[in-house]
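Shown below: entry_6.txt, with compact mmCIF, C-alpha atoms.
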# COMPACT_ATOMS: atom_id res chain seq x y z
CA MET A 1 49.68 154.18 75.67
CA SER A 2 49.09 150.67 76.99
CA ASN A 3 48.50 150.18 80.71
CA ARG A 4 50.13 146.73 80.64
CA PRO A 5 52.89 146.53 83.31
CA ILE A 6 56.44 146.14 82.13
CA ALA A 7 58.12 142.98 83.50
CA MET A 8 61.63 143.72 84.80
CA VAL A 9 62.32 140.06 85.56
CA ARG A 10 62.19 137.31 82.97
CA GLU A 11 59.05 135.25 83.42
CA SER A 12 60.34 132.15 81.56
CA LEU A 13 63.74 130.48 81.45
CA VAL A 14 65.84 130.55 78.32
CA PRO A 15 66.29 127.02 76.95
CA GLU A 16 69.61 125.54 78.06
CA MET A 17 72.21 125.41 75.33
CA ARG A 18 75.07 122.98 75.06
CA PRO A 19 78.60 124.42 75.13
CA PRO A 20 80.45 124.38 71.83
CA PRO A 21 82.34 121.10 71.22
CA SER A 22 85.64 122.99 71.08
CA ALA A 23 85.25 124.14 74.71
CA VAL A 24 84.66 120.83 76.50
CA GLY A 25 85.92 117.28 76.39
CA PHE A 26 89.33 115.66 76.19
CA GLY A 27 90.21 117.30 72.90
CA ALA A 28 89.56 120.77 74.29
CA LYS A 29 91.74 120.08 77.34
CA VAL A 30 94.59 118.88 75.12
CA GLN A 31 94.23 121.92 72.88
CA ARG A 32 94.33 124.36 75.81
CA ALA A 33 97.24 122.58 77.50
CA PHE A 34 99.53 121.93 74.53
CA PHE A 35 98.39 123.93 71.50
CA SER A 36 96.96 127.16 72.90
CA SER A 37 99.52 129.36 71.07
CA TRP A 38 102.22 129.06 68.42
CA LEU A 39 104.93 128.99 71.11
CA ASN A 40 103.13 126.33 73.11
CA THR A 41 102.58 124.30 69.94
CA SER A 42 106.28 124.56 68.98
CA ILE A 43 107.42 123.41 72.42
CA THR A 44 104.94 120.51 72.33
CA LEU A 45 106.17 119.33 68.93
CA VAL A 46 109.83 119.54 69.97
CA CYS A 47 109.09 117.56 73.14
CA LEU A 48 107.17 114.93 71.18
CA VAL A 49 110.10 114.48 68.79
CA ALA A 50 112.53 114.18 71.73
CA ILE A 51 110.25 111.69 73.48
CA GLY A 52 109.99 109.69 70.29
CA PHE A 53 113.77 109.43 69.89
CA ALA A 54 114.17 108.54 73.60
CA ALA A 55 111.43 105.92 73.43
CA ASN A 56 112.97 104.39 70.30
CA PHE A 57 116.39 104.22 71.96
CA ILE A 58 115.00 102.70 75.17
CA LEU A 59 112.96 100.16 73.23
CA ASN A 60 115.92 99.02 71.13
CA TRP A 61 118.67 99.28 73.76
CA GLY A 62 116.70 98.12 76.78
CA ILE A 63 114.41 95.46 75.31
CA LEU A 64 114.74 94.40 71.67
CA ASN A 65 118.55 94.24 71.45
CA ALA A 66 119.20 93.55 75.14
CA ILE A 67 121.10 90.49 76.32
CA TRP A 68 118.94 88.61 78.79
CA VAL A 69 120.93 85.38 79.14
CA GLY A 70 124.68 84.88 79.07
CA ASP A 71 127.90 85.74 80.83
CA GLY A 72 130.31 88.67 80.88
CA GLU A 73 132.05 87.54 77.70
CA THR A 74 128.74 87.48 75.84
CA CYS A 75 127.89 90.99 77.00
CA ARG A 76 131.30 92.39 76.06
CA ALA A 77 131.12 90.76 72.62
CA ASN A 78 127.78 92.49 72.04
CA ALA A 79 128.54 95.68 73.92
CA HIS A 80 127.02 97.87 71.19
CA ALA A 81 123.88 95.77 70.79
CA GLY A 82 121.95 96.59 73.92
CA ALA A 83 121.72 96.38 77.69
CA CYS A 84 123.25 93.45 79.53
CA TRP A 85 120.40 92.46 81.83
CA ALA A 86 122.05 89.06 82.24
CA PHE A 87 124.44 90.78 84.67
CA VAL A 88 121.56 92.01 86.83
CA TRP A 89 119.98 88.57 86.83
CA ALA A 90 123.26 86.89 87.77
CA LYS A 91 124.03 89.33 90.60
CA MET A 92 120.51 89.95 91.88
CA ARG A 93 120.81 87.81 94.99
CA PHE A 94 123.99 89.58 96.06
CA MET A 95 122.46 92.99 95.30
CA PHE A 96 119.50 92.23 97.52
CA PHE A 97 121.17 90.29 100.33
CA GLY A 98 124.88 91.19 100.29
CA PHE A 99 127.25 88.84 102.12
CA TYR A 100 124.51 87.06 104.06
CA PRO A 101 124.91 83.28 103.65
CA PRO A 102 122.95 82.12 100.58
CA GLU A 103 121.38 79.19 102.43
CA GLU A 104 119.89 81.68 104.94
CA HIS A 105 118.39 84.10 102.42
CA TRP A 106 114.92 82.87 103.32
CA ARG A 107 115.31 84.66 106.63
CA LEU A 108 115.95 87.99 104.90
CA ILE A 109 113.00 87.43 102.58
CA LEU A 110 110.81 86.82 105.62
CA VAL A 111 112.23 89.97 107.25
CA MET A 112 111.24 92.06 104.24
CA VAL A 113 107.78 90.49 104.12
CA ILE A 114 107.17 91.26 107.81
CA THR A 115 108.54 94.79 107.45
CA LEU A 116 106.47 95.63 104.38
CA ALA A 117 103.36 94.03 105.92
CA ILE A 118 103.59 96.12 109.09
CA LEU A 119 104.24 99.24 107.01
CA VAL A 120 101.20 98.61 104.80
CA ALA A 121 99.02 98.00 107.86
CA SER A 122 100.34 101.15 109.53
CA ALA A 123 99.58 103.15 106.39
CA GLN A 124 95.83 102.45 106.64
CA PRO A 125 93.94 104.87 108.92
CA ARG A 126 91.32 102.21 109.64
CA PHE A 127 94.04 100.11 111.28
CA TRP A 128 95.18 102.87 113.65
CA LYS A 129 94.05 100.94 116.70
CA ARG A 130 95.73 99.76 119.86
CA TRP A 131 96.44 96.35 118.35
CA LEU A 132 98.74 98.00 115.79
CA ALA A 133 101.07 99.10 118.59
CA TYR A 134 101.18 95.51 119.84
CA ALA A 135 101.89 94.37 116.27
CA TRP A 136 104.92 96.69 116.16
CA LEU A 137 106.11 95.43 119.54
CA THR A 138 105.91 91.89 118.17
CA ALA A 139 107.31 92.57 114.69
CA VAL A 140 110.46 94.42 115.78
CA PRO A 141 111.83 91.58 117.99
CA ALA A 142 110.76 89.00 115.40
CA VAL A 143 112.68 90.79 112.67
CA PHE A 144 115.76 91.10 114.87
CA ILE A 145 115.65 87.43 115.84
CA LEU A 146 115.28 86.37 112.20
CA ILE A 147 118.14 88.45 110.87
CA ASN A 148 120.49 88.01 113.82
CA GLY A 149 119.74 84.43 114.84
CA GLY A 150 121.49 82.75 117.74
CA ILE A 151 118.24 81.39 119.22
CA LEU A 152 115.31 79.17 118.17
CA GLY A 153 117.67 77.01 116.15
CA LEU A 154 118.73 79.88 113.87
CA SER A 155 122.45 80.24 113.17
CA TYR A 156 124.04 83.44 114.44
CA GLN A 157 124.85 86.00 111.75
CA PRO A 158 127.01 88.97 112.83
CA THR A 159 126.09 92.44 111.67
CA ARG A 160 129.10 92.57 109.35
CA VAL A 161 127.28 90.21 106.96
CA TRP A 162 124.00 92.13 107.09
CA GLY A 163 123.47 94.08 103.91
CA GLY A 164 121.44 94.77 100.82
CA LEU A 165 117.83 95.85 100.69
CA PRO A 166 116.84 94.35 104.10
CA LEU A 167 119.48 96.49 105.81
CA THR A 168 118.29 99.60 103.97
CA LEU A 169 114.70 98.91 105.04
CA LEU A 170 115.78 98.15 108.60
CA LEU A 171 117.76 101.39 108.96
CA ALA A 172 115.03 103.52 107.40
CA VAL A 173 112.02 101.98 109.15
CA VAL A 174 113.58 101.79 112.62
CA GLY A 175 115.09 105.26 112.22
CA LEU A 176 111.73 106.82 111.34
CA ALA A 177 109.72 104.71 113.80
CA PHE A 178 111.84 105.86 116.75
CA GLY A 179 112.67 109.29 115.36
CA PHE A 180 109.01 110.25 114.90
CA PRO A 181 107.94 110.20 118.59
CA LEU A 182 111.25 111.77 119.59
CA GLY A 183 110.68 114.52 117.02
CA ILE A 184 107.19 115.20 118.41
CA LEU A 185 108.60 115.52 121.92
CA LEU A 186 111.28 117.91 120.67
CA ALA A 187 108.68 120.01 118.84
CA LEU A 188 106.55 120.25 121.96
CA GLY A 189 109.62 121.01 124.04
CA ARG A 190 110.66 123.81 121.69
CA ARG A 191 107.25 125.43 122.24
CA SER A 192 107.39 124.89 126.00
CA LYS A 193 107.05 127.85 128.35
CA MET A 194 109.87 126.50 130.52
CA PRO A 195 113.10 128.19 129.37
CA LEU A 196 115.42 125.29 130.23
CA ILE A 197 113.46 122.69 128.26
CA ARG A 198 112.86 125.08 125.37
CA ASN A 199 116.53 126.08 125.07
CA LEU A 200 117.76 122.49 125.30
CA CYS A 201 115.38 121.46 122.50
CA VAL A 202 116.42 124.43 120.37
CA LEU A 203 120.09 123.56 120.89
CA TYR A 204 119.50 119.92 119.94
CA ILE A 205 117.42 120.70 116.85
CA GLU A 206 119.61 123.45 115.46
CA THR A 207 122.82 121.52 116.09
CA LEU A 208 121.62 118.34 114.38
CA ARG A 209 120.05 120.23 111.47
CA GLY A 210 123.20 122.27 111.01
CA VAL A 211 125.55 119.37 110.25
CA PRO A 212 125.38 116.80 107.43
CA LEU A 213 124.33 113.24 108.18
CA ILE A 214 127.69 111.90 107.08
CA THR A 215 129.30 113.85 109.94
CA ILE A 216 126.95 112.30 112.49
CA LEU A 217 127.69 108.82 111.15
CA PHE A 218 131.42 109.45 111.19
CA MET A 219 131.29 110.66 114.79
CA SER A 220 129.21 107.64 115.84
CA SER A 221 131.78 105.33 114.25
CA VAL A 222 135.04 107.01 115.25
CA LEU A 223 134.52 109.48 118.08
CA PHE A 224 131.90 107.70 120.16
CA PRO A 225 133.99 104.52 120.79
CA LEU A 226 136.79 106.73 122.16
CA LEU A 227 134.44 108.02 124.85
CA LEU A 228 133.48 104.55 126.08
CA PRO A 229 135.23 102.88 129.03
CA GLU A 230 138.05 100.52 128.20
CA GLY A 231 136.74 97.17 127.05
CA ALA A 232 133.24 98.45 126.28
CA VAL A 233 132.13 97.73 122.72
CA VAL A 234 128.99 98.90 120.94
CA ASP A 235 128.11 97.32 117.61
CA LYS A 236 128.67 99.66 114.67
CA LEU A 237 125.21 98.94 113.27
CA LEU A 238 123.62 100.00 116.55
CA ARG A 239 125.72 103.16 116.56
CA ALA A 240 124.66 103.93 113.01
CA GLN A 241 121.00 103.28 113.84
CA VAL A 242 121.10 105.62 116.84
CA ALA A 243 122.79 108.29 114.72
CA LEU A 244 120.03 108.00 112.11
CA ILE A 245 117.32 108.21 114.78
CA ILE A 246 118.62 111.38 116.42
CA PHE A 247 119.26 112.95 113.02
CA ALA A 248 115.75 112.19 111.73
CA ALA A 249 114.18 113.43 114.97
CA ALA A 250 115.66 116.91 114.52
CA PHE A 251 114.08 117.36 111.09
CA ILE A 252 110.77 115.81 112.12
CA ALA A 253 110.65 118.16 115.10
CA GLU A 254 110.78 121.25 112.88
CA VAL A 255 108.09 119.91 110.58
CA VAL A 256 105.78 119.11 113.51
CA ARG A 257 106.47 122.52 115.03
CA GLY A 258 105.34 124.10 111.77
CA GLY A 259 102.09 122.14 112.01
CA LEU A 260 101.57 123.27 115.59
CA GLN A 261 102.07 126.89 114.62
CA ALA A 262 99.73 126.54 111.63
CA LEU A 263 96.73 125.74 113.82
CA PRO A 264 94.46 128.69 114.69
CA LYS A 265 94.82 129.99 118.20
CA GLY A 266 91.16 129.22 118.75
CA GLN A 267 91.89 125.49 118.77
CA TYR A 268 94.16 125.91 121.78
CA GLU A 269 91.67 128.19 123.51
CA ALA A 270 88.80 125.79 122.84
CA ALA A 271 90.75 122.91 124.38
CA ASP A 272 91.59 125.05 127.42
CA SER A 273 87.95 126.08 127.79
CA LEU A 274 87.00 122.40 128.08
CA GLY A 275 89.34 122.08 131.05
CA LEU A 276 91.62 119.57 129.33
CA GLY A 277 95.08 119.02 130.71
CA TYR A 278 98.18 119.56 128.59
CA SER A 279 98.68 115.88 127.72
CA LEU A 280 95.03 115.26 126.85
CA LYS A 281 94.80 118.49 124.88
CA MET A 282 97.79 117.59 122.75
CA ARG A 283 96.80 113.95 122.18
CA LYS A 284 93.14 114.51 121.41
CA ILE A 285 92.92 117.92 119.76
CA ILE A 286 96.16 119.66 118.80
CA LEU A 287 98.51 116.93 117.51
CA PRO A 288 95.96 115.09 115.32
CA GLN A 289 95.20 118.34 113.48
CA ALA A 290 98.84 119.46 113.31
CA LEU A 291 100.03 116.15 111.86
CA LYS A 292 97.36 116.27 109.15
CA VAL A 293 98.69 119.64 108.04
CA VAL A 294 102.28 118.43 107.67
CA ILE A 295 101.65 115.09 105.94
CA PRO A 296 103.46 116.15 102.70
CA ALA A 297 106.48 117.41 104.63
CA LEU A 298 106.69 114.25 106.74
CA VAL A 299 106.54 112.03 103.66
CA ASN A 300 109.23 114.18 102.05
CA ILE A 301 111.47 113.54 105.07
CA ALA A 302 110.74 109.81 104.84
CA ILE A 303 111.72 109.74 101.16
CA GLY A 304 114.94 111.64 101.77
CA PHE A 305 115.75 109.52 104.80
CA PHE A 306 115.25 106.29 102.84
CA LYS A 307 117.77 107.46 100.25
CA ASP A 308 120.21 108.85 102.84
CA THR A 309 120.70 105.38 104.32
CA SER A 310 123.19 104.84 101.49
CA LEU A 311 125.63 107.01 103.48
CA VAL A 312 126.20 104.21 106.00
CA ILE A 313 128.98 102.97 103.72
CA ILE A 314 131.14 105.57 105.51
CA ILE A 315 131.21 103.25 108.54
CA GLY A 316 131.49 100.00 106.57
CA LEU A 317 127.85 98.91 106.33
CA PHE A 318 126.71 97.46 103.03
CA ASP A 319 123.29 98.88 102.24
CA PHE A 320 121.46 98.18 98.98
CA LEU A 321 123.30 100.75 96.86
CA THR A 322 126.67 99.62 98.22
CA THR A 323 126.01 95.96 97.39
CA VAL A 324 125.01 97.04 93.88
CA LYS A 325 128.29 98.90 93.46
CA ALA A 326 130.21 95.96 94.92
CA THR A 327 128.99 93.71 92.11
CA LEU A 328 130.90 95.88 89.63
CA ASN A 329 134.20 94.60 91.01
CA ASP A 330 133.64 91.11 89.62
CA GLY A 331 136.35 90.49 87.03
CA ASP A 332 134.04 88.32 84.94
CA TRP A 333 131.75 91.28 84.31
CA LEU A 334 134.23 94.12 83.84
CA GLY A 335 132.98 97.03 81.77
CA ILE A 336 129.35 96.54 82.78
CA HIS A 337 127.97 99.13 85.19
CA ILE A 338 125.09 101.13 83.70
CA GLU A 339 122.64 98.26 84.07
CA ALA A 340 123.46 97.87 87.78
CA TYR A 341 122.84 101.55 88.51
CA LEU A 342 119.62 101.50 86.47
CA PHE A 343 118.40 98.53 88.49
CA ALA A 344 119.24 100.33 91.75
CA ALA A 345 117.49 103.46 90.51
CA LEU A 346 114.40 101.40 89.67
CA ILE A 347 114.21 99.92 93.17
CA TYR A 348 114.64 103.34 94.83
CA PHE A 349 112.07 104.83 92.45
CA ILE A 350 109.50 102.15 93.28
CA PHE A 351 109.77 102.84 97.00
CA CYS A 352 109.95 106.64 96.75
CA PHE A 353 107.15 106.89 94.20
CA SER A 354 104.99 104.67 96.41
CA PHE A 355 105.67 107.02 99.34
CA SER A 356 104.63 110.07 97.31
CA ARG A 357 101.43 108.47 96.03
CA TYR A 358 100.60 107.34 99.54
CA SER A 359 101.04 110.92 100.75
CA ILE A 360 98.48 112.17 98.22
CA TRP A 361 96.03 109.42 99.17
CA LEU A 362 96.47 109.98 102.92
CA GLU A 363 95.87 113.73 102.59
CA LYS A 364 92.48 113.03 101.04
CA GLU A 365 91.70 110.20 103.46
CA VAL A 366 92.21 112.22 106.65
CA ALA A 367 91.14 115.62 105.31
CA PRO A 368 88.99 117.45 107.90
CA GLU A 369 86.21 118.06 105.38
CA ARG A 370 86.01 114.38 104.40
CA ILE A 371 82.50 112.99 104.94
CA ARG A 372 82.60 109.62 106.66

Spit out the file's structure as structure tokens when you get a sec.
Amino acid sequence: MSNRPIAMVRESLVPEMRPPPSAVGFGAKVQRAFFSSWLNTSITLVCLVAIGFAANFILNWGILNAIWVGDGETCRANAHAGACWAFVWAKMRFMFFGFYPPEEHWRLILVMVITLAILVASAQPRFWKRWLAYAWLTAVPAVFILINGGILGLSYQPTRVWGGLPLTLLLAVVGLAFGFPLGILLALGRRSKMPLIRNLCVLYIETLRGVPLITILFMSSVLFPLLLPEGAVVDKLLRAQVALIIFAAAFIAEVVRGGLQALPKGQYEAADSLGLGYSLKMRKIILPQALKVVIPALVNIAIGFFKDTSLVIIIGLFDFLTTVKATLNDGDWLGIHIEAYLFAALIYFIFCFSFSRYSIWLEKEVAPERIR
């Protein structure tokens, strides 16, 4: 018998082998996702056929056979040919700007540019500096002066002529900008150890979350003026804006409270061990982490809130969707309506899809494990 020791551990590495071509690459991913079984393959083929028919219809109806130039008579004469995009082109200014005087539309365009610019700057974490707060304090009065006028040589435009996409952006942005800090205060108040503050915050949040927005708007338009002293008048747009702010704050408060409860107890104890006061502890340690946790929920509220601004029609305000529907009453374009709603859906989709993609990007940008 040989005295040579038996090696229990391999002394040399086995040459590395490439995985089989059917297990890696784009083709393998497609095969696993869509053709992994006979049922999966059948569903994939049915969906491809349906997509093909839908794409063919959209291509012919929406592009190849569409009417791009003409009037209502032209569209009605070729009603079965394709979409009447000439209607959208003819009514686009009214859809965007409502009853605002046409010669003053440049002011609304500038309002939208300023609003979108401040939103884009606020969406970048690298711009979260003190100067951004000053930018907001400058942009809000500038927007109001532009759209309202009455000073600096600008003609006065009452709120009854405000409408279209600028009004939708104004209601949504101002509602969220003021509702967000109020929601944070309500969330902190609901977790307060003082019974009076906690119960008042609970009452506010549960009451506002328990009624539909249309009820709040109706009360701000009809009931609130009855409670004012005789002769006192509050603009209906201001009443609607306040109603949107207090409504948004209630939902934001619950989302922020969820983020506060999601943090480990050790974070609170660590802040206390450093001797930090309540305000400093919340600003520097607790709230930054809690808000990162609830980014998807906050963006979801923003998307829903942007779409819910269409309910202001209940108090006579013409937001973007309402101005789109108003164009359908033109006798010269009777019978044409699908194209208007598709155009409105496209605009809402662009904004809402941008919000959702921004949410995904922001989650990765401010993730705690991100290496800077």

Distance query Met112 of chain A at most 10 Å, only C-alpha atoms, self and fewer than 6 positions along chain excluded, as a list in words =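 What passes the distance filter is Trp106, Ile118, Val143, Leu165, Pro166, Leu167, Leu169 and Leu170 of chain A.
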
Counting only C-alpha atoms, write as an MDAnalysis selection string all protein and nucleic acid residues lying at most 12 Å from (123.6, 112.5, 112.9) in the file's frame.
-> chainID A and resid 175 179 204:221 239:251 305 308:309 311:312

Kindly indicate which residue among A:Leu328, A:Gly163, A:Lys91, A:Pro225 lies nearest to Leu108 of chain A, using all atoms listed in the file for the distances.
->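 Among A:Leu328, A:Gly163, A:Lys91, A:Pro225, it is A:Gly163 that comes nearest to Leu108 of chain A.
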
Counting only C-alpha atoms, the option among A:Ser359, A:Ser36, A:Gln261, A:Asn56 closest to Leu287 of chain A |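 Nearest candidate to Leu287 of chain A out of A:Ser359, A:Ser36, A:Gln261, A:Asn56: A:Gln261.
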
Name all residues at most 12 Å from Asn300 of chain A (count all atoms listed in the file; drop same-chain ones fewer than 2 positions away) and give them as number ranges by chain.
-> A: 248, 251-252, 255, 294-298, 302-307, 352-360

Choose the residue, out of A:Asp330, A:Glu254, A:Glu230, A:Glu365, that has the smallest atom-to-atom separation from Phe87 of chain A; count all atoms listed in the file.
-> A:Asp330

Residue with smallest distance to Cys201 of chain A - pool A:Leu188, A:Val233, A:Leu39, A:Ala345, counting only C-alpha atoms =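 Result for the nearest residue to Cys201 of chain A: A:Leu188.
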
Neighbours of segment 60-62 of chain A within 9 Å (only C-alpha atoms; same-chain residues fewer than 6 positions away dropped), as JSON, numbers by chain?
-> {"A": [80, 81, 82, 83, 84, 85]}

Identify, on the basis of all atoms listed in the file, every residue whose closest approach to Thr44 of chain A does not exceed 12 Å; exclude the query and any residue fewer than 6 positions from it along the same chain; express the result as a CSV table (one decimal) with C-alpha atoms, keeping the file's coordinate frame.
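Below is the file that was written, around-v4.csv:
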chain,number,residue,atom,x,y,z
A,30,VAL,CA,94.6,118.9,75.1
A,31,GLN,CA,94.2,121.9,72.9
A,32,ARG,CA,94.3,124.4,75.8
A,33,ALA,CA,97.2,122.6,77.5
A,34,PHE,CA,99.5,121.9,74.5
A,35,PHE,CA,98.4,123.9,71.5
A,36,SER,CA,97.0,127.2,72.9
A,37,SER,CA,99.5,129.4,71.1
A,38,TRP,CA,102.2,129.1,68.4
A,50,ALA,CA,112.5,114.2,71.7
A,51,ILE,CA,110.2,111.7,73.5

Which one is closest to Thr74 of chain A: A:Trp361, A:Trp333, A:Phe178, A:Phe127? Count all atoms listed in the file.
->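 Counting all atoms listed in the file, the residue closest to Thr74 of chain A is A:Trp333.
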